[in-house]
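S.K.: Take a look at query-v5.cif, mmCIF, C-alpha atoms and all ligand atoms:
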```cif
data_my_file
loop_
_atom_site.label_atom_id
_atom_site.label_comp_id
_atom_site.auth_asym_id
_atom_site.auth_seq_id
_atom_site.Cartn_x
_atom_site.Cartn_y
_atom_site.Cartn_z
CA MET C 46 123.67 -3.48 -38.85
CA ILE C 47 121.77 -3.49 -42.15
CA THR C 48 122.07 -0.44 -44.37
CA LEU C 49 119.08 -0.04 -46.64
CA HIS C 50 120.09 1.78 -49.78
CA GLY C 51 116.96 3.33 -51.07
CA SER C 52 115.23 6.39 -52.34
CA PHE C 53 114.21 9.60 -50.64
CA PRO C 54 110.99 11.44 -49.85
CA ALA C 55 109.50 12.63 -53.12
CA PHE C 56 106.18 13.12 -54.90
CA GLY C 57 104.46 13.69 -51.53
CA LEU C 58 105.50 10.17 -50.40
CA PRO C 59 108.04 8.89 -47.84
CA HIS C 60 109.92 7.26 -50.76
CA ALA C 61 109.95 7.80 -54.51
CA SER C 62 110.29 4.01 -54.93
CA PRO C 63 107.49 1.66 -53.83
CA PHE C 64 110.00 -1.20 -53.63
CA VAL C 65 112.10 0.74 -51.12
CA MET C 66 108.96 1.50 -49.11
CA LYS C 67 108.00 -2.21 -49.16
CA THR C 68 111.42 -3.25 -47.88
CA GLU C 69 111.52 -0.55 -45.21
CA VAL C 70 108.07 -1.58 -43.95
CA GLN C 71 109.18 -5.24 -43.87
CA LEU C 72 112.29 -4.28 -41.85
CA LYS C 73 110.03 -2.39 -39.45
CA MET C 74 107.63 -5.36 -39.24
CA ALA C 75 110.58 -7.62 -38.42
CA GLU C 76 111.80 -5.07 -35.84
CA ILE C 77 115.32 -5.27 -37.25
CA PRO C 78 117.49 -2.18 -36.69
CA TYR C 79 118.68 -0.63 -39.95
CA ARG C 80 120.18 2.54 -41.32
CA LEU C 81 118.67 4.22 -44.37
CA GLU C 82 120.96 5.71 -46.99
CA ARG C 83 120.37 7.18 -50.40
CA GLY C 84 121.10 4.46 -52.96
CA PHE C 85 121.81 4.63 -56.66
CA PRO C 86 120.59 1.80 -58.91
CA ALA C 87 123.99 1.57 -60.63
CA ASP C 88 125.63 0.64 -57.29
CA GLY C 89 123.20 -2.20 -56.53
CA PRO C 90 123.85 -5.85 -57.41
CA LYS C 91 120.80 -5.83 -59.71
CA GLN C 92 121.27 -2.21 -60.85
CA LYS C 93 118.06 -1.33 -59.05
CA ILE C 94 117.05 -0.03 -55.66
CA PRO C 95 116.46 -1.17 -53.00
CA TYR C 96 119.55 -3.08 -52.01
CA ILE C 97 120.95 -3.73 -48.57
CA VAL C 98 124.48 -4.01 -47.28
CA GLU C 99 125.20 -6.09 -44.22
CA ALA C 100 128.74 -6.99 -43.17
CA ASP C 101 130.10 -6.19 -46.65
CA HIS C 102 127.46 -8.45 -48.22
CA LYS C 103 125.25 -6.70 -50.82
CA ILE C 104 121.78 -8.07 -51.55
CA GLY C 105 119.56 -6.63 -54.25
CA ASP C 106 115.83 -7.02 -55.00
CA SER C 107 113.13 -6.60 -52.37
CA THR C 108 112.14 -10.29 -52.55
CA PHE C 109 115.68 -11.52 -51.91
CA ILE C 110 116.15 -8.91 -49.19
CA ARG C 111 113.09 -10.30 -47.46
CA ASP C 112 114.46 -13.87 -47.84
CA HIS C 113 117.71 -12.72 -46.29
CA ILE C 114 116.18 -11.01 -43.29
CA GLU C 115 113.84 -13.92 -42.61
CA LYS C 116 116.66 -16.49 -42.77
CA ALA C 117 119.35 -14.47 -41.03
CA TYR C 118 117.13 -13.26 -38.19
CA GLY C 119 114.88 -16.35 -37.87
CA ILE C 120 111.71 -14.42 -38.68
CA ASP C 121 108.68 -15.43 -40.73
CA LEU C 122 106.75 -12.35 -41.83
CA ASP C 123 103.95 -14.69 -42.92
CA ARG C 124 103.71 -16.63 -39.66
CA GLY C 125 100.25 -18.03 -39.14
CA LEU C 126 99.48 -18.18 -42.88
CA THR C 127 98.38 -21.47 -44.46
CA PRO C 128 100.05 -22.75 -47.66
CA ASP C 129 96.98 -21.52 -49.57
CA MET C 130 97.33 -18.01 -48.09
CA ARG C 131 101.05 -17.99 -48.88
CA ALA C 132 100.29 -18.94 -52.48
CA ARG C 133 97.68 -16.17 -52.72
CA SER C 134 100.16 -13.69 -51.22
CA TRP C 135 102.72 -14.59 -53.87
CA ALA C 136 100.14 -14.19 -56.66
CA ILE C 137 99.03 -10.79 -55.30
CA GLU C 138 102.65 -9.64 -54.98
CA ARG C 139 103.39 -10.61 -58.56
CA MET C 140 100.26 -8.78 -59.81
CA LEU C 141 101.29 -5.63 -57.92
CA GLU C 142 105.04 -5.68 -58.58
CA ASP C 143 105.13 -7.04 -62.12
CA HIS C 144 101.95 -5.50 -63.49
CA LEU C 145 100.46 -2.64 -61.50
CA TYR C 146 103.90 -1.11 -60.83
CA TRP C 147 104.47 -0.66 -64.55
CA ALA C 148 101.20 1.21 -64.96
CA ILE C 149 102.37 3.51 -62.13
CA VAL C 150 105.71 3.99 -63.92
CA TYR C 151 103.89 4.72 -67.18
CA PHE C 152 101.83 7.53 -65.66
CA ARG C 153 104.79 9.03 -63.78
CA TRP C 154 107.21 9.06 -66.69
CA MET C 155 105.22 9.06 -69.93
CA GLU C 156 102.63 11.72 -69.09
CA GLU C 157 104.19 15.09 -69.82
CA ALA C 158 102.79 17.01 -66.83
CA ASN C 159 103.59 14.24 -64.34
CA PHE C 160 107.11 13.89 -65.66
CA ALA C 161 107.69 17.64 -65.37
CA ALA C 162 106.25 17.73 -61.82
CA GLY C 163 108.13 14.62 -60.63
CA PRO C 164 110.91 12.57 -62.25
CA ALA C 165 112.32 15.58 -64.18
CA HIS C 166 113.48 16.97 -60.82
CA PHE C 167 115.79 13.97 -60.25
CA PHE C 168 118.20 15.81 -62.53
CA ASP C 169 117.95 19.30 -61.02
CA THR C 170 121.37 19.12 -59.38
CA LEU C 171 123.21 18.38 -62.64
CA PRO C 172 125.06 21.22 -64.35
CA SER C 173 122.52 23.10 -66.46
CA GLU C 174 124.17 22.16 -69.77
CA LEU C 175 123.73 18.41 -69.00
CA ARG C 176 120.35 18.52 -67.33
CA GLU C 177 117.96 18.40 -70.30
CA GLU C 178 119.90 15.68 -72.11
CA ALA C 179 119.94 13.55 -68.93
CA ARG C 180 116.18 13.95 -68.59
CA ILE C 181 115.60 12.90 -72.22
CA GLU C 182 117.96 9.93 -71.86
CA ALA C 183 116.39 8.68 -68.63
CA ARG C 184 112.91 9.00 -70.07
CA ARG C 185 113.98 7.10 -73.19
CA ALA C 186 115.36 4.29 -70.97
CA VAL C 187 112.07 4.08 -69.04
CA ALA C 188 110.09 4.02 -72.32
CA CYS C 189 112.32 1.13 -73.45
CA ASN C 190 111.70 -0.76 -70.21
CA LEU C 191 107.96 -0.23 -70.63
CA LEU C 192 108.15 -1.63 -74.16
CA GLY C 193 110.16 -4.62 -72.93
CA HIS C 194 107.61 -5.26 -70.22
CA GLY C 195 104.80 -4.99 -72.75
CA LEU C 196 102.60 -2.43 -71.02
CA GLY C 197 104.30 0.37 -72.96
CA ARG C 198 102.90 -1.04 -76.20
CA HIS C 199 99.38 -0.01 -75.22
CA SER C 200 97.53 3.29 -75.53
CA GLN C 201 97.09 5.52 -72.48
CA GLU C 202 93.47 4.34 -72.17
CA GLU C 203 94.51 0.69 -72.34
CA VAL C 204 97.25 1.15 -69.71
CA ALA C 205 94.67 2.83 -67.45
CA ASP C 206 92.18 0.02 -68.07
CA LEU C 207 94.73 -2.71 -67.24
CA GLY C 208 96.11 -0.87 -64.20
CA CYS C 209 92.59 -0.27 -62.85
CA ARG C 210 91.76 -3.97 -63.27
CA SER C 211 94.68 -4.88 -60.98
CA MET C 212 93.67 -2.20 -58.49
CA ALA C 213 90.03 -3.40 -58.57
CA ALA C 214 91.22 -6.97 -57.97
CA LEU C 215 93.22 -5.75 -54.97
CA ALA C 216 90.18 -3.91 -53.58
CA THR C 217 88.07 -7.07 -53.93
CA LEU C 218 90.77 -9.23 -52.33
CA LEU C 219 91.02 -6.85 -49.36
CA GLY C 220 87.25 -6.58 -48.96
CA ASN C 221 86.43 -5.48 -45.44
CA LYS C 222 89.34 -7.31 -43.81
CA ALA C 223 91.96 -5.41 -41.81
CA TYR C 224 94.77 -6.89 -43.93
CA LEU C 225 94.92 -8.86 -47.16
CA MET C 226 95.28 -12.22 -45.43
CA GLY C 227 92.95 -11.51 -42.50
CA PRO C 228 93.25 -9.85 -39.10
CA ALA C 229 97.09 -9.90 -38.96
CA MET C 230 99.53 -8.02 -41.15
CA ALA C 231 101.60 -10.20 -43.50
CA ALA C 232 104.49 -9.46 -45.86
CA VAL C 233 102.19 -8.90 -48.85
CA ASP C 234 100.61 -5.93 -47.04
CA ALA C 235 103.94 -4.08 -47.26
CA THR C 236 103.82 -4.38 -51.06
CA ALA C 237 100.14 -3.48 -51.29
CA PHE C 238 100.53 -0.45 -49.02
CA ALA C 239 103.53 0.82 -51.00
CA MET C 240 101.82 0.35 -54.38
CA ILE C 241 98.56 2.02 -53.31
CA ALA C 242 100.56 4.95 -51.95
CA ALA C 243 102.58 5.14 -55.19
CA ALA C 244 99.46 5.02 -57.37
CA THR C 245 97.88 7.87 -55.40
CA ALA C 246 101.01 10.01 -54.93
CA PRO C 247 99.79 13.55 -54.17
CA ILE C 248 101.68 15.38 -56.92
CA PHE C 249 100.53 13.25 -59.88
CA THR C 250 97.29 12.96 -61.78
CA SER C 251 96.15 9.84 -63.62
CA PRO C 252 93.04 7.76 -64.29
CA LEU C 253 94.63 5.05 -62.12
CA LYS C 254 94.91 7.50 -59.23
CA ASP C 255 91.29 8.66 -59.71
CA PHE C 256 90.10 5.05 -59.68
CA THR C 257 92.13 4.16 -56.57
CA LEU C 258 90.90 7.21 -54.67
CA ARG C 259 87.36 5.89 -55.20
CA CYS C 260 88.23 2.51 -53.61
CA ALA C 261 87.29 3.42 -50.05
CA ASN C 262 88.64 0.23 -48.47
CA LEU C 263 92.05 0.60 -50.14
CA MET C 264 92.35 4.25 -49.13
CA ALA C 265 91.40 3.56 -45.50
CA TYR C 266 93.95 0.70 -45.42
CA GLN C 267 96.67 2.87 -46.98
CA LYS C 268 96.04 5.73 -44.53
CA ARG C 269 96.03 3.34 -41.54
CA LEU C 270 99.36 1.79 -42.59
CA MET C 271 100.84 5.24 -43.29
CA ARG C 272 99.97 6.30 -39.72
CA GLU C 273 101.51 3.10 -38.36
CA PHE C 274 104.75 3.00 -40.36
CA TYR C 275 105.33 6.65 -41.29
CA PRO C 276 103.62 8.58 -38.47
CA CYS C 277 105.52 11.84 -39.16
CA HIS C 278 104.62 11.74 -42.84
CA ALA C 279 100.98 10.92 -42.05
CA ALA C 280 100.81 13.80 -39.55
CA ARG C 281 102.23 16.23 -42.15
CA GLN C 282 99.68 15.00 -44.69
CA ALA C 283 96.83 15.45 -42.23
CA ALA C 284 97.93 19.00 -41.28
N1 LIG P 301 112.24 -6.41 -58.57
C1 LIG P 301 112.86 -5.27 -57.94
C2 LIG P 301 112.33 -3.99 -58.57
C3 LIG P 301 113.04 -2.74 -58.04
C4 LIG P 301 112.83 -1.55 -58.96
O1 LIG P 301 112.19 -1.63 -60.02
N2 LIG P 301 113.41 -0.41 -58.57
C5 LIG P 301 113.36 0.78 -59.38
C6 LIG P 301 112.93 1.97 -58.54
S1 LIG P 301 111.23 1.84 -58.11
C7 LIG P 301 114.74 1.08 -59.91
O2 LIG P 301 115.73 0.95 -59.23
N3 LIG P 301 114.81 1.51 -61.17
C8 LIG P 301 116.04 1.97 -61.74
C9 LIG P 301 116.29 1.41 -63.10
O3 LIG P 301 115.50 0.56 -63.57
O4 LIG P 301 117.29 1.83 -63.68
C10 LIG P 301 112.62 -5.33 -56.44
O5 LIG P 301 111.69 -6.01 -56.00
O6 LIG P 301 113.42 -4.74 -55.69
#
```
Show the structure stored in the file as structure tokens.
Ligand SMILES: N[C@@H](CCC(=O)N[C@@H](CS)C(=O)NCC(=O)O)C(=O)O

M.R.:
Amino acid sequence: MITLHGSFPAFGLPHASPFVMKTEVQLKMAEIPYRLERGFPADGPKQKIPYIVEADHKIGDSTFIRDHIEKAYGIDLDRGLTPDMRARSWAIERMLEDHLYWAIVYFRWMEEANFAAGPAHFFDTLPSELREEARIEARRAVACNLLGHGLGRHSQEEVADLGCRSMAALATLLGNKAYLMGPAMAAVDATAFAMIAAATAPIFTSPLKDFTLRCANLMAYQKRLMREFYPCHAARQAA
């Protein structure tokens, strides 16, 4: 049985991490039984979550986890897609995971009020004398990652502009289709769903969130997938 080491409900979302949400949705799409456990990046083979453990074999990174489940269980989450659609899926995934994600991280961690409302609470269980230092250290590490990525070198307005361009591209690519590649759900929809949910997490405020909330097709898609994959969470949100 696969154990998915991931995050936990936070920020008004089923998972703090969009990559964990992507992998969980792909496991559900593949109808593979799994157990969900809290994971810590330091324990993962790539020092990130998600990672899975199956028969003492650890696999890190959502893309390689997907490869593993497709090969090991003889499943193609993109069945029915043409080579052109598969290429477009890959390009969309890279835009969302390697670009838009970092804008989401920026607004969660670098904006004072969002940090205080969200990530700062990751450290609440530490002894009080260590708590503030741990928060400062973690925030410094995220700022460093943002600089390394490049997005962190821009002003707040520029990050918002770039993030909104990726979100606008996603809205155009979805158009009025049920899913990004047409009438059937494909693997890329797991990423898109998770990233839209992350960008519009209830507890945060950001220009990226405001923009996404105005993209009616993306919001309808996100809500539909939330009802399908996280029905309890969707019901709580609706109440
Ligand atoms: N490319 C990775 C990205 C995973 C990722 O960035 N995970 C974040 C949580 S959303 C993480 O573990 N960050 C901890 C860190 O960077 O120390 C994947 O697809 O799984």

S.K.: If you take only C-alpha atoms and a cut-off of 12 Å, which residues of range 192-274 of chain C touch range 128-137 of chain C, and what are their nearest atom pairs and distances in Å to one decimal, in chain and number order, as a Markdown table?

M.R.:
```
| residue | atom | partner | partner_atom | distance |
| --- | --- | --- | --- | --- |
| C:Ser211 | CA | C:Ile137 | CA | 9.3 |
| C:Met212 | CA | C:Ile137 | CA | 10.6 |
| C:Ala214 | CA | C:Ile137 | CA | 9.1 |
| C:Leu215 | CA | C:Ile137 | CA | 7.7 |
| C:Ala216 | CA | C:Ile137 | CA | 11.3 |
| C:Thr217 | CA | C:Ile137 | CA | 11.7 |
| C:Leu218 | CA | C:Ile137 | CA | 8.9 |
| C:Leu219 | CA | C:Ile137 | CA | 10.7 |
| C:Tyr224 | CA | C:Ser134 | CA | 11.3 |
| C:Leu225 | CA | C:Ser134 | CA | 8.2 |
| C:Met226 | CA | C:Met130 | CA | 6.7 |
| C:Gly227 | CA | C:Met130 | CA | 9.6 |
| C:Met230 | CA | C:Ser134 | CA | 11.6 |
| C:Ala231 | CA | C:Ser134 | CA | 8.6 |
| C:Ala232 | CA | C:Ser134 | CA | 8.1 |
| C:Val233 | CA | C:Ser134 | CA | 5.7 |
| C:Asp234 | CA | C:Ser134 | CA | 8.8 |
| C:Ala235 | CA | C:Ser134 | CA | 11.1 |
| C:Thr236 | CA | C:Ile137 | CA | 9.1 |
| C:Ala237 | CA | C:Ile137 | CA | 8.4 |
| C:Met240 | CA | C:Ile137 | CA | 11.5 |
```

S.K.: Name the residues within 12 Å of (101.0, 13.3, -51.8), counting only C-alpha atoms in the file's coordinates, and put them as a PyMOL selection string.

M.R.: chain C and resi 54-61+163+241-250+254+268+271+278-279+281-283

S.K.: Quick one: pull the distance between atom O4 of ligand LIG 301 (chain P) and CA of Lys91 in chain C, Å, one decimal.

M.R.: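 Interatomic distance here is 9.3 Å.
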
S.K.: Could you list, as a VMD selection string, every residue within 12 Å of Ser200 in chain C, counting only C-alpha atoms and ignoring same-chain residues fewer than 3 positions away?

M.R.: chain C and resid 148 151 to 152 155 to 156 192 195 to 197 203 to 207

S.K.: Given only C-alpha atoms and all ligand atoms, how would the per-residue table for chain C near ligand LIG 301 (chain P) read, listing every residue at most 7 Å away with its closest atom pair and distance in Å to one decimal, sorted by chain and number, as a Markdown table?

M.R.:
```
| residue | atom | partner | partner_atom | distance |
| --- | --- | --- | --- | --- |
| C:Ser62 | CA | P:LIG301 | S1 | 4.0 |
| C:Pro63 | CA | P:LIG301 | S1 | 5.7 |
| C:Phe64 | CA | P:LIG301 | O6 | 5.3 |
| C:Pro86 | CA | P:LIG301 | O2 | 4.9 |
| C:Gln92 | CA | P:LIG301 | O4 | 6.3 |
| C:Lys93 | CA | P:LIG301 | O2 | 3.3 |
| C:Ile94 | CA | P:LIG301 | O2 | 3.9 |
| C:Pro95 | CA | P:LIG301 | O6 | 5.4 |
| C:Gly105 | CA | P:LIG301 | O6 | 6.6 |
| C:Asp106 | CA | P:LIG301 | O6 | 3.4 |
| C:Ser107 | CA | P:LIG301 | O6 | 3.8 |
| C:Thr108 | CA | P:LIG301 | O5 | 5.5 |
```

S.K.: Calculate how many Å separate CA of Arg153 in chain C from CA of Phe85 in chain C, rounding to one decimal.

M.R.: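 It comes out at 19.0 Å.
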
S.K.: From the list C:Leu49, C:Arg184, C:Ala284, C:Ile149, which residue is nearest Pro252 in chain C when using all atoms listed in the file?

M.R.: C:Ile149

S.K.: Which distance in Å separates CA of Gln201 in chain C and CA of Ala161 in chain C, to one decimal?

M.R.: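 Separating CA of Gln201 in chain C from CA of Ala161 in chain C is a distance of 17.6 Å.
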
S.K.: Step by step, gather every atom of range 270-283 of chain C that the file lists, find the box along x, y and z that holds them, add 6 Å on each side, and finally give centre and edge lengths in Å to one decimal, as lines of an AutoDock Vina configuration file.

M.R.:
```
center_x = 101.2
center_y = 9.0
center_z = -41.5
size_x = 20.7
size_y = 26.4
size_z = 18.3
```

S.K.: Choose the residue, out of C:Glu69, C:Glu99, C:Glu177, C:Glu115, that has the smallest atom-to-atom separation from Tyr275 in chain C; count only C-alpha atoms.

M.R.: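 That would be C:Glu69, the residue with the smallest distance to Tyr275 in chain C.
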
S.K.: Using all atoms listed in the file, which of the listed residues (C:Asn221, C:Val70, C:His50, C:Pro228) sits closest to Ala265 in chain C?

M.R.: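 Closest residue, counting all atoms listed in the file: C:Asn221.
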
S.K.: Would you mind telling me which residue in C:Glu142, C:Glu273, C:Asp112, C:Glu82 lies nearest to Gly51 in chain C when using all atoms listed in the file?

M.R.: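 Using all atoms listed in the file, the shortest distance to Gly51 in chain C belongs to C:Glu82.
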